[in-house]
file data10.pdb (PDB, C-alpha atoms, pLDDT in the B column)
ATOM      1  CA  MET G   1      44.263 -70.420 194.213  1.00 48.00           C
ATOM      2  CA  ALA G   2      43.219 -73.981 193.506  1.00 53.00           C
ATOM      3  CA  THR G   3      41.772 -74.866 190.103  1.00 59.00           C
ATOM      4  CA  GLN G   4      38.385 -75.693 191.611  1.00 70.00           C
ATOM      5  CA  ASP G   5      37.996 -72.234 193.161  1.00 76.00           C
ATOM      6  CA  THR G   6      35.391 -70.017 191.577  1.00 71.00           C
ATOM      7  CA  LEU G   7      36.048 -66.383 190.807  1.00 61.00           C
ATOM      8  CA  PHE G   8      33.235 -63.896 191.138  1.00 61.00           C
ATOM      9  CA  PHE G   9      33.246 -60.594 189.317  1.00 57.00           C
ATOM     10  CA  LYS G  10      30.866 -57.714 189.504  1.00 65.00           C
ATOM     11  CA  GLY G  11      29.152 -57.043 186.188  1.00 65.00           C
ATOM     12  CA  ASP G  12      31.203 -53.907 185.658  1.00 78.00           C
ATOM     13  CA  GLN G  13      34.466 -55.709 186.347  1.00 83.00           C
ATOM     14  CA  HIS G  14      33.650 -58.373 183.794  1.00 84.00           C
ATOM     15  CA  LYS G  15      32.707 -55.749 181.193  1.00 88.00           C
ATOM     16  CA  GLU G  16      35.954 -53.863 181.877  1.00 90.00           C
ATOM     17  CA  MET G  17      37.989 -57.048 181.467  1.00 91.00           C
ATOM     18  CA  VAL G  18      36.264 -57.891 178.181  1.00 93.00           C
ATOM     19  CA  ILE G  19      36.804 -54.390 176.805  1.00 95.00           C
ATOM     20  CA  ARG G  20      40.430 -54.331 177.964  1.00 94.00           C
ATOM     21  CA  GLY G  21      41.089 -57.683 176.299  1.00 96.00           C
ATOM     22  CA  ILE G  22      39.533 -56.527 173.041  1.00 97.00           C
ATOM     23  CA  VAL G  23      41.442 -53.233 173.035  1.00 96.00           C
ATOM     24  CA  GLU G  24      44.724 -55.056 173.702  1.00 96.00           C
ATOM     25  CA  LYS G  25      44.124 -57.451 170.803  1.00 97.00           C
ATOM     26  CA  VAL G  26      43.040 -54.663 168.444  1.00 98.00           C
ATOM     27  CA  TYR G  27      46.028 -52.533 169.466  1.00 98.00           C
ATOM     28  CA  ALA G  28      48.422 -55.427 168.814  1.00 98.00           C
ATOM     29  CA  ALA G  29      46.860 -56.185 165.409  1.00 98.00           C
ATOM     30  CA  LEU G  30      47.064 -52.542 164.332  1.00 98.00           C
ATOM     31  CA  LYS G  31      50.667 -52.283 165.506  1.00 98.00           C
ATOM     32  CA  GLU G  32      51.549 -55.547 163.743  1.00 98.00           C
ATOM     33  CA  LYS G  33      50.191 -54.173 160.452  1.00 98.00           C
ATOM     34  CA  GLY G  34      52.204 -50.950 160.840  1.00 98.00           C
ATOM     35  CA  TYR G  35      49.341 -48.611 161.736  1.00 98.00           C
ATOM     36  CA  ASN G  36      49.326 -46.029 164.519  1.00 98.00           C
ATOM     37  CA  PRO G  37      46.894 -47.762 166.903  1.00 98.00           C
ATOM     38  CA  VAL G  38      45.918 -44.599 168.765  1.00 97.00           C
ATOM     39  CA  ASN G  39      45.022 -42.717 165.585  1.00 98.00           C
ATOM     40  CA  GLN G  40      43.087 -45.656 164.178  1.00 98.00           C
ATOM     41  CA  ILE G  41      41.106 -46.305 167.363  1.00 97.00           C
ATOM     42  CA  VAL G  42      40.298 -42.602 167.743  1.00 97.00           C
ATOM     43  CA  GLY G  43      39.142 -42.512 164.113  1.00 98.00           C
ATOM     44  CA  TYR G  44      36.880 -45.472 164.777  1.00 97.00           C
ATOM     45  CA  ILE G  45      35.419 -43.988 167.966  1.00 96.00           C
ATOM     46  CA  ILE G  46      34.715 -40.617 166.351  1.00 96.00           C
ATOM     47  CA  SER G  47      33.351 -41.840 163.035  1.00 97.00           C
ATOM     48  CA  GLY G  48      31.913 -45.243 163.860  1.00 96.00           C
ATOM     49  CA  ASP G  49      33.506 -46.516 160.662  1.00 97.00           C
ATOM     50  CA  PRO G  50      34.958 -49.961 161.398  1.00 97.00           C
ATOM     51  CA  THR G  51      37.317 -49.732 158.414  1.00 97.00           C
ATOM     52  CA  TYR G  52      39.630 -47.691 160.648  1.00 98.00           C
ATOM     53  CA  ILE G  53      40.395 -51.037 162.282  1.00 98.00           C
ATOM     54  CA  THR G  54      42.282 -53.715 160.381  1.00 98.00           C
ATOM     55  CA  SER G  55      40.646 -57.073 159.847  1.00 98.00           C
ATOM     56  CA  HIS G  56      44.023 -58.666 160.674  1.00 98.00           C
ATOM     57  CA  GLU G  57      43.682 -61.186 163.527  1.00 97.00           C
ATOM     58  CA  GLY G  58      39.925 -60.506 163.595  1.00 98.00           C
ATOM     59  CA  ALA G  59      40.458 -57.062 165.131  1.00 98.00           C
ATOM     60  CA  ARG G  60      37.606 -55.382 163.239  1.00 98.00           C
ATOM     61  CA  SER G  61      35.171 -58.078 164.267  1.00 98.00           C
ATOM     62  CA  LEU G  62      36.325 -57.838 167.892  1.00 97.00           C
ATOM     63  CA  ILE G  63      36.014 -54.072 168.189  1.00 97.00           C
ATOM     64  CA  THR G  64      32.508 -54.064 166.763  1.00 97.00           C
ATOM     65  CA  GLN G  65      31.405 -56.405 169.562  1.00 96.00           C
ATOM     66  CA  ILE G  66      31.472 -53.500 172.018  1.00 95.00           C
ATOM     67  CA  GLN G  67      29.560 -50.243 171.906  1.00 95.00           C
ATOM     68  CA  ARG G  68      31.690 -47.214 171.053  1.00 96.00           C
ATOM     69  CA  ASP G  69      30.397 -45.314 174.087  1.00 95.00           C
ATOM     70  CA  ASP G  70      31.421 -48.210 176.366  1.00 94.00           C
ATOM     71  CA  LEU G  71      34.837 -48.253 174.722  1.00 95.00           C
ATOM     72  CA  LEU G  72      35.271 -44.519 175.204  1.00 95.00           C
ATOM     73  CA  GLU G  73      34.056 -44.722 178.806  1.00 93.00           C
ATOM     74  CA  GLU G  74      36.639 -47.390 179.661  1.00 92.00           C
ATOM     75  CA  ILE G  75      39.459 -45.502 177.953  1.00 93.00           C
ATOM     76  CA  VAL G  76      38.634 -42.261 179.782  1.00 94.00           C
ATOM     77  CA  LYS G  77      38.155 -44.081 183.099  1.00 92.00           C
ATOM     78  CA  ASN G  78      41.528 -45.796 182.782  1.00 91.00           C
ATOM     79  CA  TYR G  79      43.213 -42.541 181.836  1.00 93.00           C
ATOM     80  CA  LEU G  80      41.707 -40.671 184.789  1.00 95.00           C
ATOM     81  CA  ASN G  81      42.596 -43.459 187.217  1.00 93.00           C
ATOM     82  CA  GLN G  82      46.253 -42.616 186.598  1.00 92.00           C
ATOM     83  CA  PHE G  83      45.890 -39.434 188.654  1.00 91.00           C
TER      84      PHE G  83
END

call {"tool": "encode", "arguments": {"input": "data10.pdb", "output": "structure tokens"}}
result
Amino acid sequence: MATQDTLFFKGDQHKEMVIRGIVEKVYAALKEKGYNPVNQIVGYIISGDPTYITSHEGARSLITQIQRDDLLEEIVKNYLNQF
């Protein structure tokens, strides 16, 4: 693809890409600080308490940019797409 080409994404695809990028960054930050990323993200989703997510690398700020229900929807969708 040439650099002048334009990419078009459906709204849902863009949202999925944004959420995926945020989750990857948050996961990496949690792992880097020695936390269990799965446990911490689950704690955040269930409680809504952002202190489950480290502020390292701006992870807490990133995760609060997306709605918890959107986050959960994307996680479940990606899990179910494995089947």

call {"tool": "resolve_selection", "arguments": {"input": "data10.pdb", "expression": "the PyMOL selection byres ((chain G and resi 38) around 12)", "output": "list in words"}}
result
Val23, Glu24, Val26, Tyr27, Ala28, Leu30, Lys31, Gly34, Tyr35, Asn36, Pro37, Asn39, Gln40, Ile41, Val42, Gly43, Tyr44, Ile45, Tyr52, Ile53 and Ile75 of chain G

call {"tool": "closest_residue", "arguments": {"input": "data10.pdb", "among": "G:Lys33, G:Arg68, G:Lys15, G:Lys77", "to": "G:Asp49", "atoms": "only C-alpha atoms"}}
result
G:Arg68

call {"tool": "atom_distance", "arguments": {"input": "data10.pdb", "atom1": "atom CA of G:Thr51", "atom2": "atom CA of G:Asn78"}}
result
25.0 Å

call {"tool": "atom_distance", "arguments": {"input": "data10.pdb", "atom1": "atom CA of G:Ile66", "atom2": "atom CA of G:Ile46"}}
result
14.4 Å

call {"tool": "residues_around", "arguments": {"input": "data10.pdb", "residues": "stretch 57-61 of chain G", "least_positions_apart": "5", "cutoff": "7 Å", "atoms": "all atoms listed in the file", "output": "tab-separated table (two decimals) with C-alpha atoms, in the frame of the given file"}}
result
chain	number	residue	atom	x	y	z
G	25	LYS	CA	44.12	-57.45	170.80
G	26	VAL	CA	43.04	-54.66	168.44
G	29	ALA	CA	46.86	-56.18	165.41
G	50	PRO	CA	34.96	-49.96	161.40

call {"tool": "closest_residue", "arguments": {"input": "data10.pdb", "among": "G:Ser47, G:Gln82, G:Gln65, G:Thr6", "to": "G:Gly21", "atoms": "all atoms listed in the file"}}
result
G:Gln65

call {"tool": "closest_residue", "arguments": {"input": "data10.pdb", "among": "G:Val18, G:Gly48, G:Leu62, G:Glu32", "to": "G:Glu74", "atoms": "all atoms listed in the file"}}
result
G:Val18

call {"tool": "atom_distance", "arguments": {"input": "data10.pdb", "atom1": "atom CA of G:Asn81", "atom2": "atom CA of G:Gln67"}}
result
21.2 Å
